[in-house]
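As stored in coords_20.cif (mmCIF, C-alpha atoms):
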```
data_final
#
loop_
_atom_site.label_atom_id
_atom_site.label_comp_id
_atom_site.auth_asym_id
_atom_site.auth_seq_id
_atom_site.Cartn_x
_atom_site.Cartn_y
_atom_site.Cartn_z
CA MET A 1 -1.51 -27.63 25.79
CA TYR A 2 -4.00 -29.89 23.97
CA GLY A 3 -3.49 -27.83 20.82
CA LYS A 4 0.30 -28.04 20.96
CA CYS A 5 0.08 -31.82 21.37
CA GLY A 6 -2.18 -32.12 18.33
CA ASN A 7 -5.31 -33.08 20.28
CA LEU A 8 -7.40 -30.33 18.71
CA ASN A 9 -10.75 -31.95 19.45
CA SER A 10 -10.07 -31.83 23.19
CA ALA A 11 -8.72 -28.31 22.84
CA ARG A 12 -11.97 -27.21 21.23
CA VAL A 13 -14.09 -28.95 23.89
CA TRP A 14 -12.27 -27.14 26.69
CA PHE A 15 -12.39 -23.89 24.72
CA ASN A 16 -16.18 -24.15 24.36
CA GLN A 17 -16.50 -24.66 28.12
CA MET A 18 -14.60 -21.40 28.67
CA SER A 19 -17.45 -19.31 27.24
CA ASN A 20 -17.42 -16.89 30.19
CA TRP A 21 -13.63 -16.42 30.19
CA ARG A 22 -12.67 -16.46 26.52
CA ASP A 23 -10.64 -13.50 25.33
CA ARG A 24 -8.36 -12.58 22.43
CA VAL A 25 -5.48 -14.53 23.96
CA SER A 26 -7.42 -17.80 24.08
CA TRP A 27 -8.83 -17.27 20.58
CA ASN A 28 -5.35 -16.57 19.21
CA ALA A 29 -3.98 -19.69 20.91
CA LEU A 30 -6.65 -21.88 19.30
CA LEU A 31 -6.06 -20.28 15.89
CA ALA A 32 -2.31 -20.82 16.23
CA SER A 33 -2.84 -24.50 17.06
CA ASN A 34 -4.90 -25.04 13.92
CA GLY A 35 -2.42 -23.09 11.86
CA HIS A 36 0.47 -25.14 13.20
CA HIS A 37 -1.27 -28.29 11.97
CA GLN A 38 -2.16 -26.67 8.59
CA LEU A 39 -5.91 -26.82 9.23
CA SER A 40 -6.68 -23.76 7.13
CA LYS A 41 -10.44 -24.21 6.78
CA GLN A 42 -10.88 -24.71 10.51
CA ALA A 43 -8.78 -21.62 11.23
CA LEU A 44 -10.90 -19.51 8.87
CA SER A 45 -14.09 -20.79 10.48
CA MET A 46 -12.78 -19.94 13.95
CA PHE A 47 -11.74 -16.50 12.75
CA SER A 48 -15.36 -15.88 11.71
CA GLU A 49 -16.59 -17.01 15.13
CA MET A 50 -14.00 -14.90 16.91
CA GLN A 51 -15.29 -11.68 15.36
CA TRP A 52 -18.64 -12.18 17.09
CA GLU A 53 -16.95 -12.11 20.51
CA THR A 54 -13.87 -9.93 20.29
CA LYS A 55 -11.84 -7.77 17.94
CA PRO A 56 -8.91 -9.47 16.17
CA THR A 57 -5.43 -8.14 16.83
CA LYS A 58 -2.42 -7.81 14.53
CA TYR A 59 -1.17 -11.07 16.02
CA THR A 60 -4.47 -12.70 15.02
CA LEU A 61 -4.06 -11.65 11.39
CA GLY A 62 -0.44 -12.77 11.31
CA THR A 63 -1.46 -16.16 12.69
CA LEU A 64 -4.25 -16.41 10.13
CA LEU A 65 -1.84 -15.69 7.27
CA LEU A 66 0.37 -18.58 8.34
CA ALA A 67 -2.63 -20.86 8.77
CA CYS A 68 -3.84 -20.05 5.26
CA ALA A 69 -0.49 -20.23 3.50
CA ASN A 70 -1.60 -23.34 1.62
CA THR A 71 -4.96 -21.97 0.43
CA PHE A 72 -5.68 -19.93 -2.67
CA SER A 73 -7.32 -17.00 -0.92
CA LEU A 74 -8.72 -15.68 2.33
CA TYR A 75 -12.49 -15.79 2.61
CA HIS A 76 -12.83 -12.46 4.41
CA GLY A 77 -10.36 -10.40 2.48
CA LYS A 78 -8.03 -10.03 -0.40
CA GLN A 79 -4.34 -10.90 -0.13
CA ILE A 80 -1.66 -10.32 -2.72
CA HIS A 81 2.10 -10.82 -2.76
CA GLY A 82 4.59 -8.19 -3.81
CA PRO A 83 6.58 -8.83 -7.01
CA ASP A 84 9.49 -10.36 -5.08
CA GLY A 85 7.20 -12.56 -2.99
CA LYS A 86 8.48 -11.12 0.30
CA LEU A 87 5.58 -8.88 1.28
CA LEU A 88 1.87 -9.47 1.48
CA ALA A 89 -0.91 -6.87 1.44
CA VAL A 90 -3.99 -7.90 3.42
CA LEU A 91 -7.22 -5.95 3.07
CA GLY A 92 -10.93 -6.53 3.36
CA ASP A 93 -13.69 -5.56 5.78
CA SER A 94 -11.79 -2.76 7.50
CA THR A 95 -10.73 0.82 6.79
CA GLU A 96 -7.19 -0.21 7.79
CA PHE A 97 -5.11 -2.78 5.98
CA LEU A 98 -1.81 -4.46 6.73
CA ILE A 99 1.55 -5.25 5.17
CA ALA A 100 2.96 -8.57 6.35
CA ASP A 101 6.06 -10.67 5.83
CA ALA A 102 4.94 -13.41 3.44
CA ASN A 103 7.24 -16.01 5.01
CA THR A 104 6.59 -15.45 8.71
CA GLY A 105 3.21 -13.70 8.74
CA LYS A 106 4.67 -10.92 10.91
CA ILE A 107 2.91 -7.58 10.48
CA THR A 108 5.42 -4.99 9.24
CA GLY A 109 3.12 -2.01 8.75
CA SER A 110 -0.44 -0.72 8.66
CA LEU A 111 -1.96 1.79 6.27
CA LYS A 112 -4.78 4.19 7.06
CA GLY A 113 -6.57 6.68 4.86
CA HIS A 114 -9.47 4.92 3.19
CA LEU A 115 -12.93 5.60 4.57
CA ASP A 116 -14.58 2.25 3.89
CA TYR A 117 -13.83 -1.40 3.09
CA SER A 118 -11.24 -2.29 0.45
CA PHE A 119 -11.88 -4.60 -2.50
CA ALA A 120 -8.72 -4.61 -4.62
CA SER A 121 -4.97 -4.13 -4.58
CA ALA A 122 -2.08 -4.26 -7.04
CA TRP A 123 1.69 -3.92 -6.75
CA HIS A 124 3.73 -1.83 -9.15
CA PRO A 125 6.37 -4.08 -10.81
CA ASP A 126 9.15 -2.22 -8.97
CA GLY A 127 7.76 -3.54 -5.67
CA ARG A 128 7.74 -0.11 -4.02
CA ILE A 129 4.28 1.21 -4.91
CA LEU A 130 1.05 -0.44 -3.81
CA ALA A 131 -2.37 0.56 -5.16
CA THR A 132 -5.53 -0.13 -3.12
CA GLY A 133 -9.13 0.17 -4.30
CA ASN A 134 -11.89 1.01 -1.85
CA GLN A 135 -15.62 1.32 -1.47
CA ASP A 136 -15.11 5.05 -0.83
CA THR A 137 -14.73 5.36 -4.67
CA THR A 138 -10.99 6.01 -4.53
CA CYS A 139 -7.73 4.25 -5.28
CA ARG A 140 -4.81 5.21 -3.07
CA LEU A 141 -1.16 4.77 -3.95
CA TRP A 142 1.32 3.97 -1.18
CA ASP A 143 5.11 3.96 -1.08
CA ILE A 144 6.06 1.07 1.21
CA ARG A 145 9.23 2.94 2.21
CA ASN A 146 7.02 5.49 3.99
CA LEU A 147 3.60 4.24 5.05
CA SER A 148 2.59 7.33 7.03
CA GLN A 149 0.27 8.52 4.25
CA SER A 150 -0.69 7.75 0.67
CA ILE A 151 1.27 9.49 -2.08
CA ALA A 152 -1.72 9.93 -4.41
CA VAL A 153 -5.50 9.55 -4.43
CA LEU A 154 -7.18 8.59 -7.71
CA LYS A 155 -10.93 9.12 -7.82
CA GLY A 156 -13.54 7.03 -9.56
CA ARG A 157 -16.76 8.51 -10.77
CA MET A 158 -19.66 6.68 -9.14
CA ARG A 159 -18.90 3.47 -7.25
CA ALA A 160 -16.34 1.37 -5.41
CA ILE A 161 -13.02 0.47 -7.00
CA THR A 162 -13.17 -3.30 -7.41
CA ALA A 163 -10.23 -4.15 -9.68
CA LEU A 164 -6.71 -2.79 -10.21
CA ARG A 165 -3.90 -3.81 -12.55
CA PHE A 166 -0.52 -2.37 -13.57
CA THR A 167 1.06 -3.04 -16.94
CA SER A 168 4.14 -5.27 -16.80
CA ASP A 169 6.41 -2.24 -17.28
CA GLY A 170 4.55 -0.20 -14.66
CA ARG A 171 3.68 2.55 -17.14
CA PHE A 172 -0.12 2.36 -16.81
CA LEU A 173 -2.56 1.57 -14.02
CA ALA A 174 -6.07 0.32 -14.84
CA MET A 175 -8.82 0.91 -12.29
CA ALA A 176 -12.31 -0.57 -12.66
CA GLU A 177 -15.63 0.19 -11.01
CA PRO A 178 -18.24 -2.58 -10.55
CA ALA A 179 -20.00 -1.67 -13.79
CA ASP A 180 -19.66 0.50 -16.89
CA LEU A 181 -16.45 2.42 -16.09
CA VAL A 182 -12.72 1.68 -16.40
CA HIS A 183 -10.07 4.32 -15.72
CA PHE A 184 -6.45 4.38 -16.94
CA PHE A 185 -3.63 6.45 -15.44
CA ASP A 186 -0.14 7.18 -16.75
CA SER A 187 2.49 6.71 -14.04
CA HIS A 188 5.01 8.80 -16.02
CA SER A 189 2.78 11.84 -15.44
CA GLY A 190 2.57 11.14 -11.72
CA TYR A 191 -0.86 9.56 -12.33
CA VAL A 192 -2.23 12.98 -13.35
CA ARG A 193 -2.87 12.10 -17.00
CA GLY A 194 -5.76 9.71 -17.28
CA GLN A 195 -8.51 8.35 -19.48
CA GLU A 196 -11.97 6.99 -18.74
CA ILE A 197 -13.66 4.35 -20.89
CA ASP A 198 -17.44 4.07 -20.59
CA LEU A 199 -18.66 0.52 -21.20
CA PHE A 200 -21.95 -1.30 -20.78
CA GLY A 201 -22.23 -4.07 -18.23
CA GLU A 202 -20.89 -5.47 -14.99
CA ILE A 203 -17.10 -5.69 -14.99
CA ALA A 204 -15.64 -9.08 -14.05
CA GLY A 205 -11.98 -8.12 -14.26
CA ILE A 206 -9.24 -6.22 -16.08
CA SER A 207 -5.84 -7.16 -17.43
CA PHE A 208 -3.12 -6.18 -19.90
CA SER A 209 -1.29 -8.12 -22.58
CA PRO A 210 2.33 -9.01 -21.67
CA ASP A 211 3.65 -6.44 -24.18
CA THR A 212 1.44 -3.74 -22.53
CA GLU A 213 -0.13 -2.86 -25.89
CA ALA A 214 -3.66 -4.06 -25.17
CA PRO A 215 -5.90 -3.81 -22.09
CA PHE A 216 -8.66 -6.38 -21.67
CA VAL A 217 -11.96 -5.94 -19.83
CA GLY A 218 -14.21 -8.86 -18.90
CA ILE A 219 -17.96 -8.18 -18.90
CA ALA A 220 -20.04 -10.50 -16.71
CA ASP A 221 -23.59 -9.60 -17.76
CA ARG A 222 -25.73 -12.71 -18.16
CA THR A 223 -27.03 -11.57 -21.55
CA TYR A 224 -24.05 -9.62 -22.88
CA GLY A 225 -21.07 -11.41 -21.33
CA ARG A 226 -17.93 -10.78 -23.37
CA LEU A 227 -14.22 -9.96 -23.37
CA LEU A 228 -13.28 -6.54 -24.74
CA GLU A 229 -9.83 -5.75 -26.13
CA PHE A 230 -8.54 -2.22 -26.65
CA VAL A 231 -5.44 -1.02 -28.50
CA ARG A 232 -2.86 1.40 -27.17
CA LYS A 233 -2.53 4.66 -29.12
CA ARG A 234 1.03 5.78 -29.80
CA TYR A 235 0.91 8.39 -32.54
CA ASN A 236 -2.20 10.50 -31.96
CA TYR A 237 -0.47 12.95 -29.67
CA HIS A 238 -3.12 15.60 -30.30
CA LEU A 239 -5.71 13.36 -28.66
CA ASP A 240 -6.16 13.09 -24.92
CA SER A 241 -6.66 9.32 -25.00
CA MET A 242 -4.16 6.54 -24.35
CA PHE A 243 -6.21 3.54 -25.53
#
```
Just give me the structure as structure tokens.
Amino acid sequence: MYGKCGNLNSARVWFNQMSNWRDRVSWNALLASNGHHQLSKQALSMFSEMQWETKPTKYTLGTLLLACANTFSLYHGKQIHGPDGKLLAVLGDSTEFLIADANTGKITGSLKGHLDYSFASAWHPDGRILATGNQDTTCRLWDIRNLSQSIAVLKGRMRAITALRFTSDGRFLAMAEPADLVHFFDSHSGYVRGQEIDLFGEIAGISFSPDTEAPFVGIADRTYGRLLEFVRKRYNYHLDSMF
């Protein structure tokens, strides 16, 4: 009641005195009160505290999405909107991740298949395919029309998949490991045809030029920090490389 009336200080005092009776319902109620009043930082802090006492529910994550609608990112995970802005993929410190309605925060689906925590995600421009990168060294591709299982598993070589990016036309998918390796896959081949580029240094991020002709790789090494640009090959059909 205190939370609904806007008296959040009193709500927190009474909540702290409930230490022996607190459960997921009371935690969710307090999170919802802060979200209703757009107190995003407080909601994130409470979410961190909550995980020491009880396991969050799907309702908790939906409430947190609404509470953080006016922030740039979630502290404990990665969130990204679909191309039409209607769906939101939420992933982070869990083997399961969620698809939510970006406007209401309602959970519309959950995806299972990865074996560890997820670090990256990217939507295909058509809005139907979602790529997720995981610490289990794989990238999985999901069709949001059928979330029962992933439609493809793309394997890295050594480490977690920490960055993903589609070209603006959806033709190519770039997949980066934390250091040294970037992988490219051709969607027209069903992601079977691929290329690996071996670099030197910690990878800060990957991107493509708007015309899809050039991929860029940011290197974050303190000594050798740089931005690398590659050029798309179009005429060397006898070669097995794309860039």
| request: Convert the output of the PyMOL selection byres ((chain A and resi 24) around 12) on the shown file into explicit residues, formatted as a PyMOL selection string. | output: chain A and resi 21-23+25-32+47+49-61
| said: Is it possible to get the residues within 9 Å of (-10.1, 3.2, 8.3) (coordinates as in the file, counting all atoms listed in the file) written as a VMD selection string? | reply: chain A and resid 94 to 97 111 to 117
| request: Name the residues that the PyMOL selection byres ((chain A and resi 162) around 9) picks from the file above, as a ChimeraX atom specification, using the file's chain letters and numbers. | output: /A:118-121,133-135,159-161,163-164,175-178,203,205
| field | Two-atom distance - CA of Pro125 in chain A, CA of Ser168 in chain A (Å) | value |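 Computing it gives 6.5 Å between the two atoms.
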| said: Just to confirm, what's the straight-line distance from CA of Asp169 in chain A to CA of Asp143 in chain A in Å (one decimal)? | reply: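 According to the coordinates, CA of Asp169 in chain A and CA of Asp143 in chain A are separated by 17.4 Å.
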| Matched chain/residue IDs from the PyMOL selection byres ((chain A and resi 145-153) around 10), as a ChimeraX atom specification | /A:99,109-114,128-132,138-144,154-156,190-192
| task | Please write as a PyMOL selection string the list of polymer residues whose atoms come within 7 Å of (-14.0, -12.5, -14.5), counting only C-alpha atoms and keeping to the coordinates of the file. | result | chain A and resi 204-205+218+220
| request: Have a look at CA of Val90 in chain A and CA of Met158 in chain A and let me know their distance in Å, one decimal. | output: 24.8 Å
| request: Select, from A:Ala122, A:Thr104, A:Phe172, A:His183, the residue with the minimum atom-to-atom distance to Leu91 in chain A, counting all atoms listed in the file. | output: A:Ala122
